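Student: What follows is protein35.cif, made up of mmCIF, C-alpha atoms and all ligand atoms:
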data_input
loop_
_atom_site.label_atom_id
_atom_site.label_comp_id
_atom_site.auth_asym_id
_atom_site.auth_seq_id
_atom_site.Cartn_x
_atom_site.Cartn_y
_atom_site.Cartn_z
CA MET A 12 0.00 0.00 0.00
CA THR A 13 1.32 3.40 -0.91
CA GLY A 14 -0.88 5.59 1.27
CA THR A 15 -3.72 7.95 0.53
CA ASP A 16 -1.88 11.24 0.14
CA PRO A 17 -3.55 13.00 -2.82
CA ARG A 18 -0.15 13.41 -4.45
CA GLY A 19 0.63 9.78 -3.71
CA ALA A 20 3.66 10.82 -1.68
CA PHE A 21 4.64 9.17 1.57
CA LEU A 22 5.28 11.71 4.32
CA PRO A 23 8.38 10.64 6.24
CA TYR A 24 9.05 12.08 9.74
CA GLY A 25 11.89 14.10 8.21
CA ARG A 26 13.75 14.54 4.96
CA GLN A 27 16.05 16.90 3.06
CA ALA A 28 14.98 19.76 0.78
CA ILE A 29 17.28 19.88 -2.25
CA ASP A 30 16.93 22.54 -4.95
CA GLU A 31 18.63 23.22 -8.28
CA ALA A 32 21.23 25.50 -6.67
CA ASP A 33 22.28 22.60 -4.37
CA ILE A 34 22.61 20.28 -7.35
CA ALA A 35 24.63 22.84 -9.34
CA ALA A 36 26.95 23.40 -6.36
CA VAL A 37 27.75 19.69 -6.14
CA VAL A 38 28.21 19.34 -9.90
CA ASP A 39 30.65 22.26 -9.85
CA VAL A 40 32.82 20.43 -7.35
CA LEU A 41 32.75 17.28 -9.46
CA LYS A 42 34.10 19.29 -12.39
CA SER A 43 36.79 20.96 -10.26
CA ASP A 44 40.28 19.87 -9.21
CA TYR A 45 39.40 19.11 -5.60
CA LEU A 46 36.94 16.51 -4.38
CA THR A 47 38.35 16.82 -0.87
CA THR A 48 40.63 19.16 1.14
CA GLY A 49 39.78 21.88 -1.36
CA PRO A 50 38.27 25.34 -1.22
CA LYS A 51 34.65 24.31 -0.51
CA VAL A 52 35.51 22.98 2.93
CA ALA A 53 37.18 26.25 3.91
CA ALA A 54 34.31 28.26 2.40
CA PHE A 55 31.71 26.22 4.28
CA GLU A 56 33.59 26.56 7.57
CA ALA A 57 33.91 30.33 7.14
CA ALA A 58 30.22 30.71 6.23
CA LEU A 59 29.11 28.52 9.13
CA ALA A 60 31.23 30.43 11.65
CA ALA A 61 29.92 33.76 10.32
CA LYS A 62 26.30 32.58 10.36
CA LEU A 63 26.50 31.32 13.94
CA GLY A 64 28.67 34.13 15.27
CA VAL A 65 31.52 31.93 16.49
CA ARG A 66 35.29 32.19 15.91
CA PHE A 67 35.92 28.67 14.61
CA ALA A 68 33.85 26.04 12.83
CA VAL A 69 35.73 22.78 12.22
CA SER A 70 33.87 20.55 9.77
CA ASN A 71 33.83 16.77 10.10
CA SER A 72 32.57 13.69 8.32
CA SER A 73 29.54 13.32 10.65
CA GLY A 74 27.96 14.59 13.84
CA THR A 75 29.20 11.44 15.53
CA ALA A 76 32.77 12.14 14.40
CA ALA A 77 32.33 15.70 15.66
CA LEU A 78 31.24 14.44 19.10
CA HIS A 79 34.18 12.03 19.19
CA LEU A 80 36.60 14.82 18.25
CA ALA A 81 35.13 17.11 20.91
CA CYS A 82 35.82 14.43 23.53
CA LEU A 83 39.36 13.96 22.21
CA ALA A 84 40.01 17.71 22.11
CA LEU A 85 39.01 17.98 25.79
CA GLY A 86 41.44 15.17 26.55
CA LEU A 87 38.70 13.00 28.06
CA GLY A 88 39.83 9.45 28.64
CA PRO A 89 39.88 6.52 31.00
CA GLY A 90 39.36 7.68 34.59
CA ASP A 91 37.12 10.56 33.47
CA ALA A 92 33.36 10.77 33.25
CA ALA A 93 30.89 12.93 31.31
CA ILE A 94 27.21 13.63 31.92
CA VAL A 95 24.77 13.02 29.05
CA PRO A 96 20.96 13.24 29.16
CA SER A 97 19.37 9.84 28.60
CA VAL A 98 16.95 11.11 25.96
CA THR A 99 19.24 11.67 22.98
CA PHE A 100 20.63 9.81 19.99
CA LEU A 101 23.07 7.01 20.85
CA ALA A 102 26.05 8.96 19.51
CA THR A 103 26.09 11.55 22.32
CA ALA A 104 26.85 8.87 24.88
CA ASN A 105 28.87 6.66 22.55
CA ALA A 106 31.39 9.43 21.85
CA VAL A 107 32.26 9.47 25.55
CA ARG A 108 32.80 5.72 25.50
CA MET A 109 34.90 5.95 22.31
CA VAL A 110 37.59 7.76 24.31
CA GLY A 111 37.29 5.33 27.23
CA ALA A 112 35.52 7.69 29.64
CA GLU A 113 32.44 6.76 31.68
CA VAL A 114 28.93 8.00 30.86
CA VAL A 115 26.76 9.28 33.68
CA PHE A 116 23.18 9.60 32.45
CA ALA A 117 21.07 12.55 33.55
CA ASP A 118 17.30 12.50 33.73
CA VAL A 119 15.18 14.91 31.66
CA ASP A 120 11.96 16.89 31.83
CA PRO A 121 9.26 14.25 31.18
CA ASP A 122 7.29 16.78 29.12
CA ASN A 123 9.98 17.85 26.62
CA GLY A 124 12.99 15.56 27.05
CA LEU A 125 15.40 18.38 27.95
CA MET A 126 17.97 18.00 30.72
CA ARG A 127 17.22 20.59 33.46
CA PRO A 128 19.68 21.99 36.01
CA GLU A 129 18.06 19.85 38.73
CA ASP A 130 18.63 16.75 36.57
CA LEU A 131 22.25 17.73 36.09
CA ASP A 132 22.61 18.34 39.82
CA GLN A 133 21.34 14.84 40.57
CA ALA A 134 23.70 13.35 37.98
CA PHE A 135 26.66 15.13 39.61
CA ALA A 136 25.57 13.72 42.99
CA ARG A 137 25.27 10.20 41.56
CA ALA A 138 28.71 10.52 39.93
CA ALA A 139 30.25 11.72 43.19
CA ALA A 140 28.69 8.83 45.11
CA ALA A 141 30.22 6.42 42.57
CA GLY A 142 33.63 8.09 42.92
CA LEU A 143 33.64 9.32 39.31
CA ARG A 144 35.50 12.41 38.17
CA VAL A 145 33.14 14.30 35.87
CA ARG A 146 34.98 16.54 33.40
CA ALA A 147 32.32 17.40 30.81
CA VAL A 148 28.59 17.93 30.42
CA PHE A 149 26.69 17.44 27.12
CA PRO A 150 23.39 19.36 27.00
CA VAL A 151 21.21 18.22 24.08
CA HIS A 152 18.85 20.68 22.38
CA LEU A 153 16.23 18.03 21.70
CA ALA A 154 13.88 18.49 18.73
CA GLY A 155 15.37 21.94 18.09
CA GLN A 156 14.45 23.70 21.31
CA CYS A 157 17.13 24.66 23.76
CA ALA A 158 17.94 23.47 27.22
CA ASP A 159 18.46 26.05 29.99
CA MET A 160 22.04 26.85 28.98
CA ALA A 161 22.51 29.51 31.66
CA GLY A 162 21.46 27.15 34.45
CA LEU A 163 23.35 24.15 33.08
CA SER A 164 26.58 25.98 32.31
CA GLU A 165 26.66 27.70 35.70
CA LEU A 166 26.32 24.34 37.41
CA ALA A 167 28.97 22.79 35.14
CA GLN A 168 31.32 25.66 35.92
CA ARG A 169 30.83 25.16 39.65
CA HIS A 170 31.97 21.56 39.13
CA ASP A 171 34.89 22.67 36.95
CA CYS A 172 33.46 20.87 33.92
CA ALA A 173 33.56 21.68 30.23
CA VAL A 174 30.25 22.14 28.39
CA VAL A 175 29.74 20.64 24.93
CA GLU A 176 26.33 21.30 23.37
CA ASP A 177 24.95 18.52 21.22
CA ALA A 178 23.26 20.95 18.84
CA CYS A 179 22.64 18.38 16.08
CA HIS A 180 18.89 19.19 16.22
CA ALA A 181 19.15 22.90 16.74
CA ILE A 182 21.01 24.82 14.04
CA GLY A 183 19.13 28.11 13.61
CA ALA A 184 17.80 28.15 17.20
CA TYR A 185 18.62 30.74 19.89
CA HIS A 186 19.02 30.08 23.58
CA ALA A 187 18.52 32.43 26.50
CA CYS A 188 21.73 33.48 28.25
CA GLY A 189 20.24 34.24 31.66
CA ASP A 190 20.97 37.98 31.46
CA GLY A 191 18.05 38.88 29.22
CA SER A 192 20.04 38.32 26.02
CA ALA A 193 19.88 35.40 23.60
CA ALA A 194 22.63 33.70 21.62
CA ALA A 195 22.62 31.59 18.46
CA VAL A 196 23.02 27.89 19.08
CA GLY A 197 26.55 27.13 17.94
CA SER A 198 27.89 30.54 19.01
CA CYS A 199 29.27 28.86 22.15
CA ARG A 200 28.38 31.88 24.27
CA LEU A 201 27.84 29.57 27.28
CA SER A 202 29.77 26.48 26.21
CA ASP A 203 33.24 25.34 25.19
CA MET A 204 32.07 23.65 22.00
CA ALA A 205 28.89 22.90 20.09
CA VAL A 206 28.40 19.94 17.77
CA LEU A 207 26.29 19.97 14.59
CA SER A 208 25.15 17.25 12.20
CA PHE A 209 24.35 17.59 8.50
CA HIS A 210 22.66 14.22 8.10
CA PRO A 211 19.76 14.54 5.61
CA VAL A 212 17.03 14.44 8.27
CA LYS A 213 18.63 17.41 10.05
CA THR A 214 17.81 21.00 9.05
CA VAL A 215 20.92 21.48 6.85
CA ALA A 216 21.96 18.46 4.77
CA ALA A 217 25.42 17.48 3.52
CA GLY A 218 24.64 13.79 2.91
CA GLU A 219 26.91 12.91 5.82
CA GLY A 220 28.68 15.67 7.71
CA GLY A 221 29.16 17.48 10.97
CA ALA A 222 31.01 20.32 12.62
CA VAL A 223 32.35 21.45 15.96
CA THR A 224 32.19 25.16 16.75
CA THR A 225 34.28 26.89 19.40
CA ASN A 226 35.73 30.28 20.35
CA ASP A 227 38.86 28.70 21.80
CA PRO A 228 41.82 28.71 19.35
CA ALA A 229 43.60 25.90 21.19
CA LEU A 230 40.55 23.63 20.94
CA ALA A 231 40.10 24.55 17.26
CA ARG A 232 43.73 23.65 16.50
CA ARG A 233 43.37 20.31 18.28
CA LEU A 234 40.11 19.52 16.46
CA GLU A 235 41.74 20.23 13.10
CA ARG A 236 44.76 18.10 13.87
CA LEU A 237 42.73 15.18 15.24
CA ARG A 238 40.39 15.04 12.24
CA SER A 239 43.36 14.50 9.92
CA HIS A 240 45.55 11.72 11.36
CA GLY A 241 47.12 13.88 14.09
CA MET A 242 49.38 15.41 11.42
CA VAL A 243 51.22 18.71 11.92
CA ARG A 244 52.59 20.73 8.98
CA ASP A 245 53.47 23.93 10.83
CA ALA A 246 57.30 24.16 11.02
CA GLN A 247 57.11 25.94 14.37
CA GLU A 248 55.69 22.79 15.92
CA PHE A 249 58.20 20.29 14.51
CA GLU A 250 60.04 18.35 17.17
CA ILE A 251 62.67 16.40 15.22
CA ALA A 252 64.96 19.06 13.75
CA GLU A 253 67.31 16.72 11.87
CA LEU A 254 64.38 15.30 9.86
CA ALA A 255 62.35 18.49 9.60
CA PHE A 256 64.90 20.99 8.27
CA ASP A 257 67.52 21.22 5.49
CA GLN A 258 71.04 22.55 6.06
CA ALA A 259 69.88 26.13 5.56
CA GLY A 260 67.31 25.62 8.31
CA ASN A 261 64.26 25.57 6.01
CA ALA A 262 61.49 23.04 6.60
CA ASN A 263 61.72 20.14 4.14
CA PRO A 264 58.91 20.38 1.56
CA TRP A 265 57.59 16.82 2.12
CA TYR A 266 57.81 16.93 5.86
CA TYR A 267 55.06 16.43 8.42
CA GLU A 268 54.99 15.12 11.97
CA MET A 269 52.52 13.17 14.04
CA PRO A 270 52.92 14.10 17.70
CA GLN A 271 49.64 12.36 18.60
CA ILE A 272 47.39 9.83 16.96
CA GLY A 273 44.43 11.12 14.93
CA TRP A 274 41.65 9.98 12.60
CA ASN A 275 40.39 10.66 9.11
CA TYR A 276 37.21 12.53 9.98
CA ARG A 277 37.40 15.10 7.17
CA LEU A 278 34.39 16.42 5.27
CA SER A 279 34.78 16.12 1.49
CA ASP A 280 34.38 19.12 -0.82
CA ILE A 281 31.41 17.36 -2.43
CA HIS A 282 29.60 17.29 0.90
CA ALA A 283 30.82 20.76 1.90
CA ALA A 284 29.45 22.26 -1.33
CA LEU A 285 26.01 20.84 -0.62
CA ALA A 286 26.10 22.01 3.00
CA LEU A 287 27.27 25.48 1.95
CA SER A 288 24.48 25.81 -0.58
CA GLN A 289 21.94 24.62 2.00
CA LEU A 290 23.29 26.98 4.67
CA ASP A 291 22.27 29.86 2.39
CA ARG A 292 18.65 28.84 2.97
CA LEU A 293 18.90 28.20 6.72
CA ASP A 294 16.64 31.12 7.66
CA HIS A 295 14.04 29.99 5.16
CA PHE A 296 14.24 26.39 6.43
CA VAL A 297 13.79 27.52 10.02
CA GLU A 298 10.81 29.77 9.13
CA GLU A 299 9.09 26.99 7.19
CA ARG A 300 9.59 24.57 10.04
CA ARG A 301 8.26 27.11 12.54
CA ALA A 302 5.18 27.76 10.42
CA LEU A 303 4.43 24.04 10.14
CA ALA A 304 5.01 23.52 13.88
CA SER A 305 2.73 26.41 14.66
CA ARG A 306 -0.05 24.90 12.50
CA TYR A 307 0.44 21.58 14.31
CA ASP A 308 0.25 23.42 17.66
CA ASP A 309 -3.07 25.03 16.74
CA LEU A 310 -4.68 21.83 15.50
CA ILE A 311 -3.35 19.66 18.31
CA GLY A 312 -4.22 22.26 20.93
CA ALA A 313 -7.85 21.93 19.88
CA LEU A 314 -7.87 18.17 20.57
CA GLY A 315 -8.31 16.50 23.94
CA ASP A 316 -5.77 16.15 26.73
CA GLU A 317 -4.64 12.72 25.56
CA ILE A 318 -2.49 14.32 22.84
CA GLN A 319 -0.38 17.40 23.41
CA PRO A 320 2.60 19.21 21.92
CA ILE A 321 5.79 18.77 23.92
CA ARG A 322 6.27 21.43 26.58
CA ARG A 323 7.87 24.61 25.26
CA SER A 324 11.20 25.52 26.82
CA ARG A 325 11.27 28.97 28.42
CA PHE A 326 14.93 29.26 27.47
CA SER A 327 14.60 28.85 23.76
CA MET A 328 13.70 30.40 20.45
CA PRO A 329 13.39 27.03 18.75
CA ALA A 330 14.34 25.89 15.24
CA TRP A 331 12.27 22.73 15.03
CA HIS A 332 14.09 19.64 13.78
CA LEU A 333 11.33 17.31 14.98
CA TYR A 334 7.67 17.84 15.68
CA SER A 335 7.15 15.56 18.65
CA VAL A 336 3.90 15.15 20.53
CA LEU A 337 3.05 13.44 23.80
CA ILE A 338 0.25 10.90 23.63
CA ASP A 339 -1.23 9.26 26.68
CA PHE A 340 -1.12 5.77 25.15
CA ASP A 341 -1.80 4.19 28.56
CA GLY A 342 -4.93 6.32 29.08
CA THR A 343 -6.33 5.89 25.57
CA GLY A 344 -5.71 2.16 25.60
CA ILE A 345 -4.15 2.14 22.13
CA GLU A 346 -0.62 0.91 21.64
CA ARG A 347 1.96 3.19 20.03
CA ALA A 348 2.92 0.48 17.52
CA GLN A 349 -0.71 0.28 16.39
CA VAL A 350 -0.88 4.04 15.91
CA MET A 351 2.39 4.03 13.95
CA ASN A 352 1.34 1.10 11.77
CA ARG A 353 -2.05 2.61 10.95
CA LEU A 354 -0.52 6.00 10.15
CA ARG A 355 1.97 4.26 7.89
CA GLU A 356 -0.90 2.61 6.04
CA GLN A 357 -2.22 6.12 5.44
CA GLY A 358 1.11 7.29 4.06
CA ILE A 359 2.30 9.00 7.23
CA GLY A 360 5.70 8.15 8.69
CA THR A 361 6.41 8.64 12.40
CA GLN A 362 9.31 7.80 14.69
CA VAL A 363 10.14 7.67 18.38
CA HIS A 364 12.91 10.02 19.57
CA TYR A 365 14.35 8.38 21.57
CA ILE A 366 14.57 5.11 23.43
CA PRO A 367 16.36 6.34 26.60
CA VAL A 368 20.00 5.50 26.03
CA HIS A 369 20.49 4.20 29.58
CA ARG A 370 18.02 1.41 28.66
CA GLN A 371 20.21 0.15 25.79
CA PRO A 372 21.73 -3.26 26.64
CA TYR A 373 25.28 -1.91 26.39
CA TYR A 374 24.63 0.83 28.97
CA ALA A 375 22.16 -1.15 31.10
CA ARG A 376 24.95 -3.70 31.64
CA ILE A 377 27.21 -0.93 32.96
CA ASP A 378 24.61 0.44 35.41
CA PRO A 379 21.75 -2.07 35.69
CA GLY A 380 20.03 -0.39 38.65
CA LEU A 381 19.64 3.07 37.12
CA VAL A 382 16.07 4.42 37.03
CA LEU A 383 15.36 7.74 35.30
CA ALA A 384 11.65 8.42 35.68
CA GLY A 385 11.59 11.58 33.55
CA ALA A 386 13.32 9.86 30.61
CA ASP A 387 11.02 6.85 30.87
CA GLY A 388 7.96 9.09 31.15
CA TYR A 389 8.96 11.03 28.05
CA TYR A 390 9.76 7.87 26.12
CA ARG A 391 6.43 6.23 27.02
CA ARG A 392 4.42 9.07 25.43
CA THR A 393 6.51 10.58 22.66
CA LEU A 394 5.86 10.33 18.91
CA SER A 395 7.48 12.44 16.19
CA LEU A 396 5.16 13.44 13.33
CA PRO A 397 6.31 14.44 9.84
CA LEU A 398 8.15 17.76 9.70
CA PHE A 399 10.21 18.82 6.71
CA VAL A 400 10.53 21.69 4.28
CA GLY A 401 8.29 20.94 1.33
CA MET A 402 5.32 19.50 3.21
CA THR A 403 2.23 21.69 3.36
CA GLN A 404 -0.24 23.01 5.90
CA ALA A 405 -2.76 20.65 4.27
CA ASP A 406 -0.41 17.75 5.05
CA VAL A 407 -0.38 18.86 8.69
CA LYS A 408 -4.17 18.95 8.75
CA ARG A 409 -4.42 15.47 7.26
CA ILE A 410 -1.87 14.06 9.71
CA VAL A 411 -3.63 15.53 12.75
CA GLY A 412 -6.98 14.38 11.37
CA SER A 413 -5.73 10.80 11.03
CA LEU A 414 -4.25 10.84 14.48
CA SER A 415 -7.28 12.30 16.22
CA GLY A 416 -9.54 9.86 14.40
CA MET A 417 -7.57 6.94 15.80
CA ILE A 418 -7.22 8.18 19.30
CA GLY A 419 -10.68 9.75 19.47
CA ARG A 420 -12.41 6.62 18.13
CA ARG A 421 -10.57 4.43 20.52
CA LYS A 422 -11.49 6.65 23.44
CA ALA A 423 -15.19 6.68 22.50
CA ARG A 424 -15.17 2.89 22.32
CA ALA A 425 -13.49 2.55 25.70
CA ALA A 426 -16.08 4.88 27.23
CA SER A 427 -19.10 3.04 25.77
C1 LIG B 501 22.00 13.01 14.30
C2 LIG B 501 22.51 13.15 15.70
C3 LIG B 501 23.82 12.84 16.06
C4 LIG B 501 24.78 12.19 15.12
O1 LIG B 501 24.94 12.83 13.94
P1 LIG B 501 25.41 12.01 12.62
O2 LIG B 501 25.73 13.09 11.66
O3 LIG B 501 24.23 11.18 12.20
O4 LIG B 501 26.57 11.19 12.99
C5 LIG B 501 24.22 13.08 17.35
N1 LIG B 501 23.38 13.58 18.26
C6 LIG B 501 22.09 13.87 17.97
C7 LIG B 501 21.22 14.44 19.03
C8 LIG B 501 21.62 13.65 16.68
O5 LIG B 501 20.33 13.89 16.39
#
Taking this structure as input, can you express it in the form of structure tokens?
Ligand SMILES: *Cc1c(COP(=O)(O)O)cnc(C)c1O

Tutor:
Amino acid sequence: MTGTDPRGAFLPYGRQAIDEADIAAVVDVLKSDYLTTGPKVAAFEAALAAKLGVRFAVSNSSGTAALHLACLALGLGPGDAAIVPSVTFLATANAVRMVGAEVVFADVDPDNGLMRPEDLDQAFARAAAAGLRVRAVFPVHLAGQCADMAGLSELAQRHDCAVVEDACHAIGAYHACGDGSAAAVGSCRLSDMAVLSFHPVKTVAAGEGGAVTTNDPALARRLERLRSHGMVRDAQEFEIAELAFDQAGNANPWYYEMPQIGWNYRLSDIHAALALSQLDRLDHFVEERRALASRYDDLIGALGDEIQPIRRSRFSMPAWHLYSVLIDFDGTGIERAQVMNRLREQGIGTQVHYIPVHRQPYYARIDPGLVLAGADGYYRRTLSLPLFVGMTQADVKRIVGSLSGMIGRRKARAAS
């Protein structure tokens, strides 16, 4: 079955919006001399940094690579710990494990999945009780609305911890700074680094791609070195003079050094060209997503209590990546799988963001007794409805109509 959309199109929960300018930008790279380590990467990094109002944007091959590099740049390793909210994509926690540090999961607001200062406080207490040395905190701007950065970063500072924002959902959003001002997500006003993803379901697509932003030149230098094998080409940093220099004292033209191990986490120029072209339309993407979310809000607000938009963060001017709702599946007596399957039959794709990461077998084995009621409460009720640039207000109406029909009918039957 292909669904009943009048245009015959399936509505996925998210997808990219590619136009002719994007296609031309990629084709230009294919006809050029550089498919990688060329001018498009530098141009994309400069444009991204300018757009977000941050000193450095270091592009990477994925958001996951960017998270891994952020952990490496902080020097996190065995014997360290980092706090990650349980409601996030796997990669936020996995990056911490990739460098051999321990993950301490924080609970979240059950009504929007965001880590609150009180959740962070409890996570610090749990870490201290377990004798763990927490060195970094990873706030996640879930669905494209921002956590309380002022509250979280003040608490992190008190514990002498770095702050790395997982901003993979939130390019184009602004967060409150606690002094009446707001800052662009990715500007790192209240953090050491912010991590972005350019996976096609995210607001700006590269195919695969990511970036770390920072205002700290030392972190930026480390991120650049680590994403390319740990190689150094700056003569001032060479350690082995007899290999590095000729008799006149000039650096040998072929020479490079590797003071530390690194990875190949570079973004290609093909991907950078697409991301750069897409970045041009960021404001438009964010506006479209806001308009669709606002239509959803109106229609869903008019339904009963059993389905509600997620709670709006007071600390955020959101840039919606996901449109997630909370459905009282327990109260309505209809299973989430049934709702998802029936919507799919009607050409409507949905997804659950996310299974709390502390419940994954790998992490549950590490800390089997951990109970996070907020994360579980959010997970039990959440469902992400289609949201992407290119869908229409009529699509939103049809989606909400399908959903309310299912849940409303079920409720009427239970009551009779
Ligand atoms: C998508 C995502 C990532 C990982 O990004 P990739 O580019 O897919 O590697 C990390 N964290 C969050 C919250 C994400 O949504």

Student: Can you tell me, as a list in words, what residues are no more than 10 Å from A:Gly273 when counting only C-alpha atoms, ignoring any on the same chain fewer than 4 positions away?

Tutor: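 Once the adjacent positions are removed, what remains is Leu80, Leu83, Arg233, Leu234, Glu235, Arg236, Leu237, Arg238, Ser239, His240, Gly241, Met242 and Met269 of chain A.
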
Student: May I have the residues within 8 Å of A:Val95 as a ChimeraX atom specification, using all atoms listed in the file and disregarding those fewer than 2 positions away in the same chain?

Tutor: /A:93,97,103-104,114-117,148-150

Student: Quote the spacing between atom CA of A:Asp257 and atom CA of A:Pro270 in Å to one decimal place.

Tutor: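 Taking atom CA of A:Asp257 as the start and atom CA of A:Pro270 as the end point, the length is 20.3 Å.
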
Student: Enumerate as a ChimeraX atom specification the residues within 10 Å of ligand LIG 501 (chain B), counting only C-alpha atoms and all ligand atoms.

Tutor: /A:71-79,98-106,150-155,176-181,206-213,216-222,332-333,364-365

Student: If we count only C-alpha atoms and set the cut-off at 12 Å, which residues sit around A:Gly388, ignoring sequence neighbours fewer than 4 positions away in its own chain? Please answer as a ChimeraX atom specification.

Tutor: /A:97-98,118-124,337-341,365-367,382-384,392-393

Student: Since we have the selection now, will you write its residues out, keeping C-alpha atoms, as a PDB file, keeping the file's coordinate frame?

Tutor:
ATOM      1  CA  SER A  97      19.370   9.840  28.600  1.00  0.00           C
ATOM      2  CA  VAL A  98      16.950  11.110  25.960  1.00  0.00           C
ATOM      3  CA  ASP A 118      17.300  12.500  33.730  1.00  0.00           C
ATOM      4  CA  VAL A 119      15.180  14.910  31.660  1.00  0.00           C
ATOM      5  CA  ASP A 120      11.960  16.890  31.830  1.00  0.00           C
ATOM      6  CA  PRO A 121       9.260  14.250  31.180  1.00  0.00           C
ATOM      7  CA  ASP A 122       7.290  16.780  29.120  1.00  0.00           C
ATOM      8  CA  ASN A 123       9.980  17.850  26.620  1.00  0.00           C
ATOM      9  CA  GLY A 124      12.990  15.560  27.050  1.00  0.00           C
ATOM     10  CA  LEU A 337       3.050  13.440  23.800  1.00  0.00           C
ATOM     11  CA  ILE A 338       0.250  10.900  23.630  1.00  0.00           C
ATOM     12  CA  ASP A 339      -1.230   9.260  26.680  1.00  0.00           C
ATOM     13  CA  PHE A 340      -1.120   5.770  25.150  1.00  0.00           C
ATOM     14  CA  ASP A 341      -1.800   4.190  28.560  1.00  0.00           C
ATOM     15  CA  TYR A 365      14.350   8.380  21.570  1.00  0.00           C
ATOM     16  CA  ILE A 366      14.570   5.110  23.430  1.00  0.00           C
ATOM     17  CA  PRO A 367      16.360   6.340  26.600  1.00  0.00           C
ATOM     18  CA  VAL A 382      16.070   4.420  37.030  1.00  0.00           C
ATOM     19  CA  LEU A 383      15.360   7.740  35.300  1.00  0.00           C
ATOM     20  CA  ALA A 384      11.650   8.420  35.680  1.00  0.00           C
ATOM     21  CA  ARG A 392       4.420   9.070  25.430  1.00  0.00           C
ATOM     22  CA  THR A 393       6.510  10.580  22.660  1.00  0.00           C
TER      23      THR A 393
END

Student: By how many Å are atom CA of A:Phe296 and atom CA of A:Ala330 apart?

Tutor: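 According to the coordinates, atom CA of A:Phe296 and atom CA of A:Ala330 are separated by 8.8 Å.
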